[in-house]
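Shown next: upload24.txt, given as compact mmCIF, C-alpha atoms.
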# COMPACT_ATOMS: atom_id res chain seq x y z
CA MET A 28 -91.53 142.34 -73.54
CA PHE A 29 -87.88 141.36 -73.62
CA ARG A 30 -85.63 138.62 -72.29
CA GLU A 31 -82.39 139.03 -70.41
CA GLY A 32 -80.59 135.73 -70.07
CA SER A 33 -83.10 133.30 -68.63
CA ARG A 34 -85.11 135.96 -66.82
CA VAL A 35 -88.35 137.09 -68.41
CA ARG A 36 -89.08 140.76 -67.74
CA ASP A 37 -91.79 143.20 -68.69
CA ALA A 38 -90.42 146.31 -70.38
CA THR A 39 -93.12 148.45 -68.72
CA ALA A 40 -92.11 147.38 -65.19
CA VAL A 41 -88.81 148.66 -63.84
CA GLY A 42 -87.75 146.30 -61.05
CA THR A 43 -90.35 144.74 -58.77
CA ALA A 44 -92.69 146.09 -56.17
CA PRO A 45 -91.97 145.38 -52.49
CA GLY A 46 -92.63 141.70 -51.95
CA GLY A 47 -92.63 141.22 -55.74
CA ILE A 48 -91.34 138.31 -57.78
CA GLU A 49 -88.13 138.54 -59.78
CA GLY A 50 -88.38 137.70 -63.45
CA VAL A 51 -92.06 138.67 -63.78
CA PRO A 52 -93.92 141.98 -64.00
CA ASN A 53 -94.74 143.58 -60.68
CA GLU A 54 -98.39 143.40 -59.70
CA ALA A 55 -99.11 147.10 -59.98
CA SER A 56 -97.66 147.33 -63.49
CA VAL A 57 -99.45 144.15 -64.59
CA SER A 58 -102.78 145.40 -63.34
CA GLN A 59 -102.34 148.81 -64.92
CA ALA A 60 -101.31 147.44 -68.30
CA LEU A 61 -103.99 144.78 -68.48
CA ILE A 62 -106.83 146.84 -67.10
CA SER A 63 -106.10 149.58 -69.62
CA ALA A 64 -106.25 146.95 -72.38
CA ALA A 65 -109.76 145.70 -71.68
CA PHE A 66 -113.10 146.42 -70.10
CA ALA A 67 -113.83 146.14 -66.38
CA CYS A 68 -114.98 142.69 -65.37
CA SER A 69 -118.41 141.88 -64.02
CA ALA A 70 -118.93 140.86 -60.40
CA SER A 71 -118.18 137.25 -59.57
CA SER A 72 -121.02 134.81 -59.10
CA ASP A 73 -118.85 132.77 -56.73
CA PRO A 74 -119.72 133.76 -53.12
CA VAL A 75 -116.50 132.29 -51.69
CA PHE A 76 -114.03 133.72 -54.19
CA PRO A 77 -114.89 137.23 -55.45
CA ARG A 78 -113.44 137.70 -58.91
CA SER A 79 -110.26 139.78 -59.19
CA PRO A 80 -110.22 143.01 -61.23
CA LEU A 81 -107.47 141.33 -63.24
CA ALA A 82 -109.83 138.62 -64.46
CA ALA A 83 -111.41 140.13 -67.57
CA PRO A 84 -108.23 141.59 -69.12
CA VAL A 85 -106.35 138.32 -68.65
CA ARG A 86 -109.27 136.36 -70.06
CA MET A 87 -109.13 138.46 -73.21
CA LEU A 88 -105.37 138.40 -73.71
CA LEU A 89 -104.79 134.71 -73.16
CA LYS A 90 -106.82 133.48 -76.10
CA GLY A 91 -108.06 136.21 -78.38
CA THR A 92 -111.50 137.35 -77.26
CA SER A 93 -112.41 133.95 -75.79
CA PRO A 94 -112.45 133.47 -72.03
CA ALA A 95 -109.25 131.96 -70.66
CA LYS A 96 -109.62 128.43 -69.31
CA VAL A 97 -106.99 126.97 -67.00
CA LEU A 98 -106.32 123.36 -66.08
CA VAL A 99 -104.04 122.71 -63.11
CA VAL A 100 -102.42 119.27 -63.12
CA SER A 101 -99.80 117.55 -61.02
CA THR A 102 -96.45 116.45 -62.47
CA SER A 103 -96.42 113.10 -60.68
CA PRO A 104 -99.13 110.48 -60.07
CA ASP A 105 -101.23 111.03 -56.96
CA ALA A 106 -100.09 107.69 -55.54
CA VAL A 107 -96.64 109.23 -54.92
CA ASN A 108 -97.62 112.90 -54.73
CA HIS A 109 -97.62 114.38 -51.23
CA ASN A 110 -98.50 117.84 -52.53
CA VAL A 111 -102.01 117.37 -53.89
CA PRO A 112 -103.22 120.16 -51.54
CA ILE A 113 -100.97 122.63 -53.38
CA ARG A 114 -102.63 121.68 -56.66
CA ASP A 115 -106.03 122.31 -55.10
CA ALA A 116 -104.82 125.61 -53.61
CA LEU A 117 -103.58 126.83 -56.98
CA ARG A 118 -106.89 125.85 -58.54
CA ASP A 119 -108.63 127.94 -55.89
CA GLY A 120 -106.31 130.84 -56.74
CA PHE A 121 -107.25 130.69 -60.41
CA VAL A 122 -110.94 130.45 -59.44
CA GLU A 123 -110.60 133.72 -57.52
CA VAL A 124 -109.26 135.38 -60.66
CA LEU A 125 -111.28 133.76 -63.45
CA GLY A 126 -114.34 132.23 -61.81
CA ALA A 127 -115.17 128.59 -61.15
CA ALA A 128 -116.41 127.81 -64.67
CA ALA A 129 -113.03 128.64 -66.20
CA VAL A 130 -110.84 126.46 -63.97
CA ARG A 131 -110.33 122.74 -63.42
CA ALA A 132 -107.77 120.59 -61.60
CA SER A 133 -106.75 117.04 -62.41
CA PRO A 134 -104.36 114.32 -61.30
CA LEU A 135 -101.63 113.66 -63.85
CA GLU A 136 -103.01 110.22 -64.63
CA LEU A 137 -106.33 111.75 -65.77
CA ALA A 138 -104.91 114.86 -67.42
CA GLY A 139 -105.37 113.64 -71.01
CA GLU A 140 -109.08 113.11 -70.50
CA ALA A 141 -109.39 116.39 -68.61
CA ILE A 142 -107.73 118.34 -71.43
CA ALA A 143 -109.87 116.68 -74.10
CA GLY A 144 -113.09 117.35 -72.18
CA PHE A 145 -112.34 120.85 -70.91
CA SER A 146 -110.31 122.35 -73.79
CA PRO A 147 -108.19 124.68 -71.67
CA SER A 148 -106.18 127.52 -73.15
CA LEU A 149 -103.50 127.09 -70.46
CA VAL A 150 -102.30 123.97 -68.66
CA VAL A 151 -100.24 124.55 -65.51
CA ALA A 152 -98.26 121.47 -64.47
CA LEU A 153 -97.29 121.84 -60.81
CA GLY A 154 -94.86 119.78 -58.79
CA SER A 155 -91.74 117.64 -59.04
CA VAL A 156 -90.48 116.02 -62.24
CA ALA A 157 -88.27 113.49 -60.45
CA VAL A 158 -90.62 110.52 -61.02
CA ASP A 159 -89.30 108.78 -64.13
CA ALA A 160 -92.56 106.96 -64.81
CA ALA A 161 -94.63 110.17 -64.89
CA PRO A 162 -96.23 110.51 -68.37
CA LEU A 163 -95.14 114.11 -68.95
CA ARG A 164 -94.67 113.71 -72.71
CA GLY A 165 -98.24 112.47 -72.96
CA LEU A 166 -99.36 115.54 -71.03
CA ALA A 167 -97.51 117.79 -73.49
CA ARG A 168 -99.02 116.00 -76.49
CA SER A 169 -102.53 116.40 -75.08
CA ALA A 170 -101.95 120.10 -74.46
CA ARG A 171 -100.65 120.63 -78.01
CA ARG A 172 -103.61 118.81 -79.55
CA ALA A 173 -105.97 121.10 -77.61
CA GLY A 174 -104.06 124.22 -78.69
CA ALA A 175 -103.20 124.98 -75.05
CA ARG A 176 -100.01 126.54 -73.76
CA LEU A 177 -98.14 124.45 -71.21
CA ALA A 178 -96.42 125.95 -68.16
CA PHE A 179 -94.46 123.97 -65.58
CA TRP A 180 -94.22 125.30 -62.03
CA LEU A 181 -91.47 123.27 -60.37
CA HIS A 182 -91.69 123.40 -56.58
CA ASP A 183 -88.65 121.34 -55.54
CA ASP A 184 -85.82 123.51 -56.85
CA PRO A 185 -82.94 123.46 -56.18
CA TYR A 186 -83.08 120.05 -54.50
CA GLU A 187 -84.10 118.31 -57.75
CA PHE A 188 -82.62 120.74 -60.25
CA ASP A 189 -80.83 118.02 -62.23
CA TYR A 190 -84.28 116.87 -63.43
CA ALA A 191 -85.19 120.32 -64.76
CA PRO A 192 -84.35 119.48 -68.42
CA LYS A 193 -87.37 117.15 -68.46
CA ALA A 194 -89.64 120.17 -67.99
CA GLU A 195 -87.56 122.46 -70.22
CA ALA A 196 -88.00 120.05 -73.14
CA LEU A 197 -91.80 120.25 -72.93
CA ALA A 198 -92.79 123.62 -71.52
CA ASP A 199 -93.74 126.89 -73.17
CA HIS A 200 -92.74 128.53 -69.89
CA VAL A 201 -91.05 127.30 -66.71
CA PHE A 202 -91.68 128.77 -63.27
CA THR A 203 -89.19 127.86 -60.56
CA ASN A 204 -89.85 128.14 -56.84
CA ASP A 205 -86.23 129.10 -56.13
CA ARG A 206 -84.56 132.33 -57.19
CA TRP A 207 -81.02 130.99 -57.24
CA ALA A 208 -82.09 128.24 -59.64
CA LEU A 209 -83.43 130.83 -62.11
CA PRO A 210 -80.19 131.81 -63.92
CA HIS A 211 -79.15 128.16 -64.25
CA TYR A 212 -82.02 127.24 -66.56
CA ARG A 213 -81.38 127.01 -70.30
CA HIS A 214 -85.00 127.48 -71.36
CA ALA A 215 -85.80 130.75 -73.13
CA ALA A 216 -88.77 131.58 -70.87
CA VAL A 217 -88.24 131.07 -67.14
CA SER A 218 -89.57 133.02 -64.14
CA HIS A 219 -89.08 132.84 -60.40
CA LEU A 220 -92.33 132.22 -58.51
CA PRO A 221 -92.34 131.24 -54.81
CA LEU A 222 -95.03 129.03 -53.44
CA ALA A 223 -97.70 130.64 -51.27
CA ALA A 224 -100.57 130.16 -48.82
CA CYS A 225 -104.17 129.09 -49.42
CA ARG A 226 -106.83 131.40 -48.07
CA ARG A 227 -109.39 128.61 -47.77
CA THR A 228 -107.01 126.27 -45.91
CA HIS A 229 -104.62 128.42 -43.88
CA ASP A 230 -106.36 131.68 -42.98
CA ARG A 231 -106.98 132.05 -39.24
CA ARG A 232 -107.70 134.98 -36.97
CA VAL A 233 -104.83 136.03 -34.73
CA THR A 234 -105.46 134.38 -31.38
CA PRO A 235 -104.46 136.37 -28.26
CA MET A 236 -101.14 135.14 -26.87
CA ALA A 237 -102.70 134.24 -23.51
CA GLU A 238 -105.05 131.78 -25.24
CA ARG A 239 -102.29 129.85 -27.04
CA PRO A 240 -101.57 126.45 -25.44
CA LEU A 241 -98.16 126.01 -27.12
CA ASP A 242 -94.96 127.98 -26.68
CA LEU A 243 -93.25 126.64 -29.81
CA PHE A 244 -94.43 124.72 -32.87
CA PHE A 245 -92.68 123.26 -35.88
CA CYS A 246 -94.13 121.14 -38.67
CA GLY A 247 -92.00 119.51 -41.33
CA ALA A 248 -90.07 116.43 -42.36
CA ALA A 249 -87.12 115.45 -40.20
CA PHE A 250 -84.29 116.47 -42.50
CA PRO A 251 -80.82 116.11 -40.91
CA ASN A 252 -80.27 119.86 -40.48
CA ARG A 253 -83.59 120.20 -38.66
CA ILE A 254 -82.87 117.27 -36.35
CA ALA A 255 -79.43 118.66 -35.53
CA LEU A 256 -80.80 122.14 -34.78
CA LEU A 257 -83.54 120.89 -32.45
CA GLU A 258 -81.17 118.49 -30.72
CA ARG A 259 -78.92 121.44 -29.92
CA ALA A 260 -81.89 123.46 -28.70
CA GLN A 261 -83.43 120.66 -26.64
CA GLY A 262 -81.83 121.55 -23.31
CA SER A 263 -82.89 125.21 -23.42
CA LEU A 264 -86.47 124.26 -24.30
CA SER A 265 -87.15 122.15 -21.23
CA GLY A 266 -90.03 123.61 -19.30
CA TYR A 267 -91.66 125.08 -22.41
CA ARG A 268 -94.65 123.62 -24.24
CA VAL A 269 -93.07 122.47 -27.51
CA GLU A 270 -94.63 120.46 -30.32
CA VAL A 271 -92.86 119.15 -33.44
CA ARG A 272 -94.81 117.19 -36.05
CA GLY A 273 -93.82 115.53 -39.30
CA ALA A 274 -92.36 112.39 -40.84
CA GLY A 275 -89.16 110.75 -39.64
CA TRP A 276 -88.55 112.40 -36.26
CA PRO A 277 -86.41 110.37 -33.86
CA ALA A 278 -87.72 109.20 -30.50
CA ALA A 279 -84.76 110.92 -28.82
CA LEU A 280 -86.56 114.25 -29.17
CA PRO A 281 -89.34 114.00 -26.54
CA PHE A 282 -91.38 116.87 -27.98
CA ALA A 283 -91.37 115.45 -31.54
CA GLU A 284 -94.14 113.25 -32.90
CA ASN A 285 -93.47 111.20 -36.01
CA SER A 286 -96.76 111.97 -37.74
CA ARG A 287 -97.94 114.12 -40.64
CA LEU A 288 -100.49 116.91 -40.29
CA ALA A 289 -103.05 117.84 -42.92
CA PRO A 290 -102.58 121.45 -44.13
CA ALA A 291 -105.59 122.76 -42.20
CA ALA A 292 -104.45 120.98 -39.03
CA MET A 293 -100.99 122.52 -39.45
CA ALA A 294 -102.57 125.97 -39.61
CA ASP A 295 -104.59 125.22 -36.47
CA ARG A 296 -101.49 124.23 -34.52
CA ALA A 297 -99.46 127.19 -35.77
CA SER A 298 -102.20 129.57 -34.71
CA ALA A 299 -102.16 127.93 -31.27
CA ALA A 300 -98.44 128.61 -30.65
CA ARG A 301 -96.69 131.69 -29.35
CA LEU A 302 -93.92 131.03 -31.85
CA THR A 303 -93.73 128.90 -34.98
CA LEU A 304 -90.30 127.87 -36.19
CA ALA A 305 -89.32 128.10 -39.85
CA ILE A 306 -86.32 125.92 -40.69
CA GLY A 307 -85.44 125.29 -44.32
CA ARG A 308 -84.51 121.99 -45.89
CA ASP A 309 -80.94 120.85 -46.48
CA LEU A 310 -81.27 117.56 -48.35
CA ASP A 311 -80.69 117.20 -52.08
CA ILE A 312 -82.28 114.54 -54.26
CA ALA A 313 -80.69 115.50 -57.57
CA ASN A 314 -78.57 118.64 -57.31
CA ARG A 315 -75.12 117.44 -58.31
CA ARG A 316 -74.59 119.50 -61.43
CA PHE A 317 -74.43 122.95 -59.80
CA ARG A 318 -74.93 122.08 -56.10
CA LEU A 319 -77.22 125.06 -55.74
CA PRO A 320 -78.08 126.31 -52.25
CA ALA A 321 -81.71 127.12 -51.63
CA ALA A 322 -82.51 130.83 -51.61
CA THR A 323 -86.29 131.26 -51.53
CA PRO A 324 -88.28 130.39 -48.39
CA GLY A 325 -90.65 127.47 -48.68
CA PRO A 326 -94.42 127.63 -48.54
CA ARG A 327 -94.65 127.03 -44.79
CA VAL A 328 -93.47 130.60 -44.08
CA PHE A 329 -96.41 132.02 -46.06
CA GLU A 330 -98.86 129.45 -44.65
CA ALA A 331 -97.94 130.13 -41.03
CA ALA A 332 -98.13 133.87 -41.59
CA LEU A 333 -101.66 133.54 -42.96
CA ALA A 334 -102.53 131.36 -39.95
CA GLY A 335 -101.71 134.26 -37.64
CA ALA A 336 -98.53 132.72 -36.23
CA PRO A 337 -95.59 134.81 -34.99
CA GLN A 338 -92.60 133.22 -36.72
CA LEU A 339 -88.99 132.66 -35.76
CA CYS A 340 -87.14 131.91 -39.00
CA PHE A 341 -83.68 130.39 -39.28
CA ALA A 342 -81.56 132.86 -41.23
CA ALA A 343 -80.17 130.61 -43.97
CA GLY A 344 -80.40 133.57 -46.37
CA LEU A 345 -81.82 137.06 -46.63
CA GLU A 346 -84.32 136.66 -49.47
CA ILE A 347 -87.03 136.13 -46.86
CA LEU A 348 -86.74 139.85 -46.05
CA GLU A 349 -88.20 140.64 -49.48
CA TYR A 350 -91.44 139.00 -48.35
CA PHE A 351 -91.62 139.86 -44.64
CA GLU A 352 -90.02 142.63 -42.59
CA GLU A 353 -87.72 141.54 -39.79
CA GLY A 354 -88.81 142.74 -36.37
CA ARG A 355 -92.25 143.82 -37.55
CA GLU A 356 -93.58 140.72 -39.33
CA ILE A 357 -91.08 137.95 -38.51
CA LEU A 358 -88.07 137.32 -36.31
CA LEU A 359 -84.79 135.80 -37.52
CA PHE A 360 -82.29 133.66 -35.60
CA ASP A 361 -79.00 131.94 -36.31
CA ASP A 362 -78.17 130.56 -32.84
CA VAL A 363 -80.31 127.95 -31.08
CA ARG A 364 -80.08 129.89 -27.81
CA GLU A 365 -82.22 132.58 -29.44
CA ILE A 366 -85.20 130.21 -29.60
CA ALA A 367 -85.71 130.07 -25.83
CA GLU A 368 -84.97 133.78 -25.59
CA ALA A 369 -87.72 134.53 -28.12
CA ILE A 370 -90.21 132.34 -26.25
CA ALA A 371 -89.43 134.15 -23.01
CA ARG A 372 -89.86 137.48 -24.71
CA SER A 373 -93.28 136.40 -26.07
CA HIS A 374 -94.38 135.94 -22.45
CA ARG A 375 -93.01 139.33 -21.40
CA GLU A 376 -94.33 141.22 -24.46
CA PRO A 377 -97.44 139.41 -25.70
CA ALA A 378 -98.85 142.50 -27.42
CA VAL A 379 -95.68 142.87 -29.51
CA PHE A 380 -95.97 139.31 -30.78
CA ALA A 381 -99.69 139.59 -31.46
CA ALA A 382 -99.07 142.75 -33.50
CA MET A 383 -96.28 141.00 -35.39
CA ALA A 384 -98.66 138.17 -36.26
CA GLU A 385 -101.34 140.62 -37.44
CA ARG A 386 -98.88 142.41 -39.73
CA ALA A 387 -97.53 139.16 -41.18
CA ARG A 388 -101.06 137.88 -41.81
CA ALA A 389 -101.96 141.13 -43.56
CA ARG A 390 -98.84 140.87 -45.73
CA ALA A 391 -99.67 137.28 -46.67
CA LEU A 392 -103.27 138.19 -47.50
CA GLY A 393 -102.12 141.13 -49.58
CA ALA A 394 -99.29 139.53 -51.54
CA HIS A 395 -98.68 135.83 -50.90
CA THR A 396 -101.78 133.74 -51.55
CA TYR A 397 -102.31 131.47 -54.53
CA ARG A 398 -104.58 134.13 -56.03
CA HIS A 399 -101.53 136.36 -56.32
CA ARG A 400 -99.50 133.54 -57.87
CA ALA A 401 -102.33 132.77 -60.30
CA GLU A 402 -102.43 136.44 -61.36
CA THR A 403 -98.70 136.36 -61.97
CA ILE A 404 -98.87 133.18 -64.06
CA LEU A 405 -101.72 134.59 -66.17
CA ALA A 406 -99.91 137.90 -66.70
CA VAL A 407 -96.68 136.19 -67.74
CA MET A 408 -98.44 133.76 -70.08
CA ALA A 409 -100.49 136.59 -71.61
CA ALA A 410 -97.50 138.83 -72.34
Please re-express this file's structure in structure tokens.
Amino acid sequence: MFREGSRVRDATAVGTAPGGIEGVPNEASVSQALISAAFACSASSDPVFPRSPLAAPVRMLLKGTSPAKVLVVSTSPDAVNHNVPIRDALRDGFVEVLGAAAVRASPLELAGEAIAGFSPSLVVALGSVAVDAAPLRGLARSARRAGARLAFWLHDDPYEFDYAPKAEALADHVFTNDRWALPHYRHAAVSHLPLAACRRTHDRRVTPMAERPLDLFFCGAAFPNRIALLERAQGSLSGYRVEVRGAGWPAALPFAENSRLAPAAMADRASAARLTLAIGRDLDIANRRFRLPAATPGPRVFEAALAGAPQLCFAAGLEILEYFEEGREILLFDDVREIAEAIARSHREPAVFAAMAERARARALGAHTYRHRAETILAVMAA
């Protein structure tokens, strides 16, 4: 194990596997190293989440010969936390690896009691650290008293990067959702870890194109760049069945509905569309120090892929091509006229788009669920 700047790397893994995560060991090398270090695990007793082959080695390495126990907590109170489903999804990912008895999840406001009662060996604090009133120091004290290691997984980089020192001051390890934010951290142990999709919530079969009632779907908050893009596209989309859902959409867009969707409902709508748009966010909350542009795609790309949706992704950057192959698993665009062209093509070539959706879903199932992210966190924290 060695460190190079702020990137944590495994000396046994040269580079990363296709679709791998920078700053952490690639999955093949992790599995090989850990499996060779311990006995094969027994079959899982959980009928929903079969236990990963990685489970027993990680359980041994995290805390001597005692089973690893993981508590997933939020970094802001649930009253202001819109991402509770991600906490639950990460818990499910750890359950797939370690089994249900070794994993718990808790709101931040109950984390002290959860740590005292569960005695975890690892606490993973997931979310945003922008809420000043969040009792993060109390969380760290509780983890220290229990002898647990504390990892922060920040999921709003780079938009809130100026708040990162709050996590750096408390964490044993920091995971950032954005690759370009990685080298700007000062903490000694930082890794890049994108968000992912939840098998329980997002997985859908690929519906035949002829059975899909929508031509185009987008779900997300109405950030200014998204509004501007869809306003420019509006004229070329007339006559198509378009649905846009999320908070803050203006009434001037007739196909937009100013309402949130639950994660499972989002997956249902994406699987019902010939094309699902992926448009990144361009709105900073606290990013004045370095003014970092976002590099890593957000979770919706992985979620829609798992839902069996052919995706048309705005090409704000090329990192997305490390996770999905252009032309075979996703389509890219940088001109609004390409949206209507892609819809028309989906009608002419439905089999091509169905095959694209199948390949993207297979890629998400094989590399981009929260089980994979849980395995990565455990491997990094065990090293």
Next item on the list: Work out how far apart atom CA of A:Glu284 and atom CA of A:Glu270 are and give it in Å to one decimal.
Entry: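 Between these atoms lies a distance of 7.7 Å.
As for atom CA of A:Arg118 and atom CA of A:Val99, they are spaced 6.2 Å apart.
Atom CA of A:Arg301 to atom CA of A:Arg239 spans 6.3 Å [interatomic distance, one decimal].
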Give me the stretch 175-268 of chain A side of the contact with stretch 327-339 of chain A, cut-off 6 Å, one line per residue showing its nearest atom pair and distance in Å at one decimal, counting all atoms listed in the file, sorted by chain and residue number, as CSV.
residue,atom,partner,partner_atom,distance
A:Ala223,CA,A:Phe329,CA,5.5
A:Ala224,CA,A:Glu330,CA,4.6
A:His229,CA,A:Ala334,CA,5.3
A:Asp230,CA,A:Ala334,CA,4.9
A:Arg231,CA,A:Ala334,CA,4.6
A:Val233,CA,A:Gly335,CA,4.6
Item checked: Closest of A:Leu264, A:Ala152, A:Ala116, A:Leu220 to A:Val100 - atom-to-atom distances counting only C-alpha atoms -> A:Ala152
Note to self: Residues near A:Ala129, anyone? I mean within 10 Å using only C-alpha atoms, not counting same-chain ones fewer than 6 positions away, as a count of residues only.
What the structure shows: 11
Next item on the list: Name the closest residue to A:Phe341 among the candidates A:Ser263, A:Thr102, A:Thr403, A:Thr303; distances are taken between atoms, counting all atoms listed in the file.
Entry: A:Thr303
Margin query: When you count only C-alpha atoms, which of these residues is closest to A:Asp183: A:Leu310, A:Ala378, A:Ala406, A:Ile254?
Written below: A:Leu310
Next item on the list: Determine the nearest neighbour of A:His182 from the options A:Asp205, A:Glu365, A:Asp199, A:Glu123, counting all atoms listed in the file.
Entry: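 Closest to A:His182, using all atoms listed in the file: A:Asp205.
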Save N, CA, C and O atoms of stretch 115-129 of chain A from the block above as an mmCIF file, in the first residue's frame.
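Below is the file result25.cif, written as the result:
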data_model
loop_
_atom_site.group_PDB
_atom_site.id
_atom_site.type_symbol
_atom_site.label_atom_id
_atom_site.label_comp_id
_atom_site.auth_asym_id
_atom_site.auth_seq_id
_atom_site.Cartn_x
_atom_site.Cartn_y
_atom_site.Cartn_z
ATOM 1 N N ASP A 115 -30.059 3.942 2.271
ATOM 2 C CA ASP A 115 -30.651 2.606 2.314
ATOM 3 C C ASP A 115 -30.052 1.700 1.235
ATOM 4 O O ASP A 115 -29.851 0.502 1.455
ATOM 5 N N ALA A 116 -29.769 2.281 0.071
ATOM 6 C CA ALA A 116 -29.166 1.489 -1.010
ATOM 7 C C ALA A 116 -27.769 1.029 -0.654
ATOM 8 O O ALA A 116 -27.382 -0.118 -0.937
ATOM 9 N N LEU A 117 -26.987 1.903 -0.016
ATOM 10 C CA LEU A 117 -25.646 1.499 0.400
ATOM 11 C C LEU A 117 -25.711 0.441 1.488
ATOM 12 O O LEU A 117 -24.922 -0.510 1.486
ATOM 13 N N ARG A 118 -26.656 0.582 2.400
ATOM 14 C CA ARG A 118 -26.859 -0.484 3.395
ATOM 15 C C ARG A 118 -27.125 -1.806 2.706
ATOM 16 O O ARG A 118 -26.534 -2.841 3.056
ATOM 17 N N ASP A 119 -28.020 -1.802 1.706
ATOM 18 C CA ASP A 119 -28.305 -3.036 0.978
ATOM 19 C C ASP A 119 -27.048 -3.597 0.327
ATOM 20 O O ASP A 119 -26.852 -4.819 0.283
ATOM 21 N N GLY A 120 -26.195 -2.695 -0.205
ATOM 22 C CA GLY A 120 -24.951 -3.152 -0.818
ATOM 23 C C GLY A 120 -24.052 -3.856 0.176
ATOM 24 O O GLY A 120 -23.471 -4.915 -0.126
ATOM 25 N N PHE A 121 -23.925 -3.295 1.364
ATOM 26 C CA PHE A 121 -23.109 -3.950 2.395
ATOM 27 C C PHE A 121 -23.741 -5.270 2.837
ATOM 28 O O PHE A 121 -23.032 -6.242 3.137
ATOM 29 N N VAL A 122 -25.072 -5.329 2.872
ATOM 30 C CA VAL A 122 -25.750 -6.578 3.238
ATOM 31 C C VAL A 122 -25.422 -7.676 2.232
ATOM 32 O O VAL A 122 -25.191 -8.837 2.613
ATOM 33 N N GLU A 123 -25.362 -7.323 0.954
ATOM 34 C CA GLU A 123 -25.008 -8.320 -0.055
ATOM 35 C C GLU A 123 -23.612 -8.888 0.178
ATOM 36 O O GLU A 123 -23.353 -10.054 -0.119
ATOM 37 N N VAL A 124 -22.724 -8.071 0.712
ATOM 38 C CA VAL A 124 -21.341 -8.508 0.914
ATOM 39 C C VAL A 124 -21.176 -9.230 2.247
ATOM 40 O O VAL A 124 -20.542 -10.291 2.318
ATOM 41 N N LEU A 125 -21.740 -8.664 3.314
ATOM 42 C CA LEU A 125 -21.447 -9.145 4.665
ATOM 43 C C LEU A 125 -22.576 -9.925 5.315
ATOM 44 O O LEU A 125 -22.340 -10.602 6.319
ATOM 45 N N GLY A 126 -23.791 -9.824 4.781
ATOM 46 C CA GLY A 126 -24.935 -10.437 5.432
ATOM 47 C C GLY A 126 -25.672 -9.441 6.306
ATOM 48 O O GLY A 126 -25.094 -8.481 6.825
ATOM 49 N N ALA A 127 -26.965 -9.669 6.499
ATOM 50 C CA ALA A 127 -27.826 -8.705 7.179
ATOM 51 C C ALA A 127 -27.429 -8.467 8.632
ATOM 52 O O ALA A 127 -27.587 -7.363 9.155
ATOM 53 N N ALA A 128 -26.908 -9.477 9.309
ATOM 54 C CA ALA A 128 -26.585 -9.326 10.730
ATOM 55 C C ALA A 128 -25.411 -8.391 10.972
ATOM 56 O O ALA A 128 -25.239 -7.884 12.080
ATOM 57 N N ALA A 129 -24.608 -8.139 9.950
ATOM 58 C CA ALA A 129 -23.400 -7.339 10.115
ATOM 59 C C ALA A 129 -23.559 -5.897 9.656
ATOM 60 O O ALA A 129 -22.579 -5.153 9.630
#
